[in-house]
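Undergrad: Dropping in my_file.cif, which is mmCIF, C-alpha atoms:
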```cif
data_coords
#
loop_
_atom_site.label_atom_id
_atom_site.label_comp_id
_atom_site.auth_asym_id
_atom_site.auth_seq_id
_atom_site.Cartn_x
_atom_site.Cartn_y
_atom_site.Cartn_z
CA MET A 1 5.98 89.45 71.20
CA LEU A 2 8.52 91.00 68.80
CA LYS A 3 7.84 94.43 70.28
CA LYS A 4 8.54 93.18 73.84
CA LEU A 5 11.75 91.50 72.69
CA SER A 6 12.89 94.70 70.96
CA ILE A 7 12.19 96.74 74.08
CA ASN A 8 14.10 94.26 76.27
CA VAL A 9 17.07 94.31 73.90
CA LEU A 10 17.11 98.12 73.89
CA CYS A 11 16.95 98.20 77.71
CA PHE A 12 19.86 95.78 77.88
CA VAL A 13 21.94 97.87 75.45
CA PHE A 14 21.24 101.06 77.40
CA ALA A 15 22.14 99.30 80.66
CA LEU A 16 25.49 98.20 79.22
CA ALA A 17 26.15 101.70 77.91
CA GLY A 18 25.37 103.08 81.36
CA LEU A 19 27.95 100.75 82.91
CA GLY A 20 30.59 102.08 80.51
CA ILE A 21 29.75 105.66 81.40
CA ALA A 22 29.84 104.82 85.11
CA SER A 23 33.36 103.37 84.87
CA ALA A 24 34.60 106.35 82.85
CA ALA A 25 33.10 108.66 85.47
CA GLU A 26 35.52 107.21 88.07
CA TRP A 27 38.25 109.40 86.59
CA PRO A 28 38.06 113.16 87.30
CA ASP A 29 37.40 115.37 84.29
CA ALA A 30 40.72 117.22 84.72
CA LEU A 31 42.64 113.93 84.60
CA ILE A 32 40.78 112.76 81.50
CA LYS A 33 41.62 116.11 79.85
CA GLU A 34 45.33 115.55 80.62
CA VAL A 35 45.16 112.05 79.14
CA GLU A 36 43.32 113.34 76.06
CA ALA A 37 45.96 116.07 75.61
CA LEU A 38 48.71 113.41 75.68
CA LYS A 39 46.74 111.28 73.23
CA ALA A 40 46.30 114.25 70.86
CA ALA A 41 50.03 115.06 71.04
CA GLY A 42 50.82 111.43 70.22
CA LYS A 43 48.42 111.47 67.30
CA ASP A 44 50.18 114.61 66.02
CA LYS A 45 53.53 112.83 66.50
CA LYS A 46 54.74 115.39 69.04
CA ASP A 47 57.19 114.60 71.81
CA MET A 48 55.67 113.88 75.19
CA PRO A 49 56.62 116.23 78.03
CA PRO A 50 60.09 115.59 79.45
CA THR A 51 58.68 114.94 82.95
CA ILE A 52 55.39 114.27 84.73
CA ALA A 53 54.73 115.75 88.16
CA GLY A 54 54.85 113.06 90.82
CA VAL A 55 56.39 110.48 88.47
CA LYS A 56 60.11 109.67 88.39
CA ASN A 57 61.91 109.36 85.06
CA ILE A 58 64.10 106.31 84.57
CA THR A 59 66.55 105.33 81.83
CA GLY A 60 67.05 102.03 80.08
CA ASP A 61 70.46 101.70 81.70
CA GLU A 62 68.92 102.11 85.16
CA ILE A 63 66.26 99.49 84.41
CA LYS A 64 68.86 97.06 83.09
CA LYS A 65 70.96 97.59 86.22
CA MET A 66 67.90 96.90 88.41
CA MET A 67 67.30 93.70 86.43
CA ASP A 68 70.92 92.61 86.77
CA GLU A 69 70.82 93.31 90.51
CA LYS A 70 67.51 91.40 90.76
CA LYS A 71 65.76 94.39 92.34
CA LYS A 72 62.03 94.05 92.88
CA PHE A 73 59.91 96.06 90.43
CA VAL A 74 57.14 95.59 87.88
CA LEU A 75 57.80 96.59 84.28
CA LEU A 76 54.51 97.62 82.68
CA ASP A 77 54.23 97.62 78.89
CA ASN A 78 51.47 100.15 78.23
CA ARG A 79 51.26 99.53 74.48
CA LEU A 80 48.59 97.71 72.53
CA LYS A 81 48.41 93.93 72.89
CA ALA A 82 49.44 93.42 69.25
CA ASP A 83 52.63 95.45 69.86
CA TYR A 84 53.35 93.54 73.07
CA ASP A 85 52.82 90.21 71.31
CA LYS A 86 55.21 91.23 68.54
CA GLU A 87 58.07 92.25 70.86
CA HIS A 88 58.48 93.55 74.40
CA ILE A 89 61.14 94.02 77.04
CA THR A 90 61.88 90.66 78.62
CA GLY A 91 59.97 90.37 81.88
CA ALA A 92 57.47 93.12 81.05
CA VAL A 93 53.77 92.66 81.81
CA LEU A 94 51.09 93.89 79.43
CA PHE A 95 49.15 96.70 81.14
CA THR A 96 47.37 98.78 78.52
CA VAL A 97 46.29 102.30 79.30
CA ASP A 98 43.10 101.69 77.27
CA GLU A 99 42.01 98.89 79.62
CA LEU A 100 42.99 100.91 82.70
CA LEU A 101 40.84 103.80 81.50
CA LYS A 102 37.87 101.45 81.16
CA ASN A 103 38.50 99.64 84.44
CA PRO A 104 40.61 101.33 87.14
CA LYS A 105 40.30 98.19 89.30
CA LEU A 106 42.88 96.52 87.03
CA ALA A 107 45.48 98.40 89.05
CA ASN A 108 44.42 96.46 92.16
CA THR A 109 46.75 93.71 90.95
CA TYR A 110 49.56 95.80 92.42
CA LYS A 111 50.27 97.21 95.88
CA LYS A 112 50.37 100.98 96.35
CA ASP A 113 54.07 100.83 97.28
CA ASP A 114 55.19 98.52 94.44
CA VAL A 115 57.79 99.98 92.09
CA LEU A 116 55.93 100.33 88.78
CA ILE A 117 57.92 101.22 85.64
CA ASN A 118 55.83 102.24 82.62
CA TYR A 119 57.02 102.26 79.03
CA CYS A 120 55.67 102.32 75.49
CA ASN A 121 56.98 103.20 72.01
CA GLY A 122 59.26 106.11 72.88
CA VAL A 123 59.05 109.88 73.25
CA LYS A 124 56.14 110.32 70.85
CA CYS A 125 53.98 107.62 72.48
CA TRP A 126 51.21 108.86 74.79
CA ARG A 127 50.36 105.56 76.47
CA SER A 128 53.01 105.27 79.19
CA PRO A 129 52.78 108.88 80.42
CA ALA A 130 48.99 108.50 80.50
CA ALA A 131 49.26 105.23 82.45
CA ALA A 132 51.66 106.90 84.89
CA LEU A 133 49.20 109.77 85.44
CA LEU A 134 46.33 107.35 86.06
CA LEU A 135 48.36 105.24 88.49
CA LYS A 136 49.45 108.37 90.33
CA HIS A 137 45.80 109.40 90.68
CA LEU A 138 45.00 105.94 92.10
CA GLY A 139 47.51 106.53 94.89
CA PHE A 140 50.54 104.53 93.76
CA LYS A 141 53.69 105.93 95.32
CA ASN A 142 56.61 104.53 93.28
CA ILE A 143 55.77 105.25 89.67
CA TYR A 144 58.53 105.48 87.09
CA TRP A 145 58.37 106.43 83.42
CA TYR A 146 60.82 105.09 80.86
CA ARG A 147 60.21 107.94 78.44
CA ASP A 148 62.52 106.61 75.71
CA GLY A 149 60.76 103.24 75.82
CA LEU A 150 61.20 100.20 73.62
CA PRO A 151 63.07 101.92 70.73
CA ASP A 152 65.81 102.98 73.16
CA TRP A 153 65.90 99.53 74.77
CA ILE A 154 66.34 97.86 71.37
CA LYS A 155 69.00 100.40 70.34
CA LYS A 156 70.98 99.45 73.46
CA ASP A 157 70.67 95.79 72.43
CA TYR A 158 69.04 94.84 75.74
CA PRO A 159 66.92 91.67 75.87
CA THR A 160 63.48 91.55 74.34
CA THR A 161 60.99 88.77 73.91
CA GLU A 162 59.49 88.28 70.48
CA GLY A 163 56.17 86.66 69.79
CA LYS A 164 53.43 85.70 72.18
CA LYS A 165 54.55 84.88 75.67
#
```
Would you encode the structure as structure tokens?

TA:
Amino acid sequence: MLKKLSINVLCFVFALAGLGIASAAEWPDALIKEVEALKAAGKDKKDMPPTIAGVKNITGDEIKKMMDEKKKFVLLDNRLKADYDKEHITGAVLFTVDELLKNPKLANTYKKDDVLINYCNGVKCWRSPAAALLLKHLGFKNIYWYRDGLPDWIKKDYPTTEGKK
């Protein structure tokens, strides 16, 4: 009886592991290598590239102007949940690159022609450029990257929300 239970548990564990591999396999190897290169640069505290092909750069001033003019866009905070809960740009939605990597279907929340603005913790943070690359691969057409991110936003004294939303 114990042997059968052990075998069933092992089969279940391997099945779950297989599901994880299957979802990771949805991303092409070349794209995963680009994301890993960004992650490694972030770990080494190197600046992210100044631009990303197929992604438009945007400044904090431009985002603030869009907010003031009540333009339609989605501001995606690509940082960790703990960082988001501590403080984020007012109106931003938590959209972690880690979760997107595990489950590309999370992007189905948005339409392919929505204006999506990604940000994280500034020029040394790998998460927003990685999210932008992944969204571009998924066929989104209006992807923006706020490269300077939250540190720049705070420096400009623009509104943030502190604590859990």

Undergrad: Can you tell me which residues surround region 80-94 of chain A at a distance of at most 9 Å, considering all atoms listed in the file, apart from same-chain residues fewer than 5 positions away, and format the answer as a PDB file with C-alpha atoms, keeping the file's coordinate frame?

TA:
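Result file result31.pdb:
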```
ATOM      1  CA  VAL A  74      57.140  95.590  87.880  1.00  0.00           C
ATOM      2  CA  LEU A  75      57.800  96.590  84.280  1.00  0.00           C
ATOM      3  CA  CYS A 120      55.670 102.320  75.490  1.00  0.00           C
ATOM      4  CA  ARG A 127      50.360 105.560  76.470  1.00  0.00           C
ATOM      5  CA  LEU A 150      61.200 100.200  73.620  1.00  0.00           C
ATOM      6  CA  TRP A 153      65.900  99.530  74.770  1.00  0.00           C
ATOM      7  CA  ILE A 154      66.340  97.860  71.370  1.00  0.00           C
ATOM      8  CA  TYR A 158      69.040  94.840  75.740  1.00  0.00           C
ATOM      9  CA  PRO A 159      66.920  91.670  75.870  1.00  0.00           C
ATOM     10  CA  THR A 160      63.480  91.550  74.340  1.00  0.00           C
ATOM     11  CA  THR A 161      60.990  88.770  73.910  1.00  0.00           C
ATOM     12  CA  GLU A 162      59.490  88.280  70.480  1.00  0.00           C
ATOM     13  CA  GLY A 163      56.170  86.660  69.790  1.00  0.00           C
ATOM     14  CA  LYS A 164      53.430  85.700  72.180  1.00  0.00           C
ATOM     15  CA  LYS A 165      54.550  84.880  75.670  1.00  0.00           C
TER      16      LYS A 165
END
```

Undergrad: With the file shown as input, list the residues that the PyMOL selection byres ((chain A and resi 37-49) around 12) selects, as a count of residues only.

TA: 34

Undergrad: Mind pulling up the distance from CA of Asn142 (chain A) to CA of Lys72 (chain A)?

TA: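 Value for the CA of Lys72 (chain A)-CA of Asn142 (chain A) distance: 11.8 Å.
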
Undergrad: Between CA of Leu100 (chain A) and CA of Met67 (chain A), what is the distance, to one decimal in Å?

TA: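 According to the coordinates, CA of Leu100 (chain A) and CA of Met67 (chain A) are separated by 25.6 Å.
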
Undergrad: If I take CA of Leu116 (chain A) and CA of Ile143 (chain A), how far is one from the other in Å, to one decimal?

TA: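 Distance reported for this atom pair: 5.0 Å.
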
Undergrad: Pick the closest to Glu26 (chain A) from A:Lys71, A:Asn118, A:Pro104, A:Asp152: which is it, counting only C-alpha atoms?

TA: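 Distance minimum relative to Glu26 (chain A) lands on A:Pro104.
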
Undergrad: Taking all atoms of region 139-145 of chain A that the file lists, what box with edges along x, y and z, padded by 3 Å per side, do you get, with centre and edge lengths in Å to one decimal, as lines of an AutoDock Vina configuration file?

TA:
```
center_x = 53.0
center_y = 105.5
center_z = 89.4
size_x = 17.0
size_y = 8.0
size_z = 17.9
```

Undergrad: Here is a test: counting all atoms listed in the file, which residue of A:Lys141, A:Lys70, A:Lys102, A:Lys136 is nearest to Asp114 (chain A)?

TA: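 With all atoms listed in the file as the atom set, the closest residue is A:Lys141.
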
Undergrad: Using the chain letters and numbers from the file, which residues does the PyMOL selection byres ((chain A and resi 95) around 6) grab, as a compact mmCIF listing (two decimals) with C-alpha atoms, in the coordinates of the input?

TA:
```txt
# COMPACT_ATOMS: atom_id res chain seq x y z
CA LEU A 76 54.51 97.62 82.68
CA ASP A 77 54.23 97.62 78.89
CA ASN A 78 51.47 100.15 78.23
CA LEU A 94 51.09 93.89 79.43
CA THR A 96 47.37 98.78 78.52
```

Undergrad: Suppose a student applies the PyMOL selection byres ((chain A and resi 112) around 9) to this structure; what residues should they get, written as a CSV table (one decimal) with C-alpha atoms, in the coordinates of the input?

TA:
```csv
chain,number,residue,atom,x,y,z
A,108,ASN,CA,44.4,96.5,92.2
A,110,TYR,CA,49.6,95.8,92.4
A,111,LYS,CA,50.3,97.2,95.9
A,113,ASP,CA,54.1,100.8,97.3
A,114,ASP,CA,55.2,98.5,94.4
A,115,VAL,CA,57.8,100.0,92.1
A,138,LEU,CA,45.0,105.9,92.1
A,139,GLY,CA,47.5,106.5,94.9
A,140,PHE,CA,50.5,104.5,93.8
A,141,LYS,CA,53.7,105.9,95.3
A,142,ASN,CA,56.6,104.5,93.3
```

Undergrad: Have a look at A:Ile58, A:Leu101, A:Ala107, A:Ile63 and name the one nearest to Tyr144 (chain A); count all atoms listed in the file.

TA: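 Under the stated criterion, the closest residue is A:Ile58.
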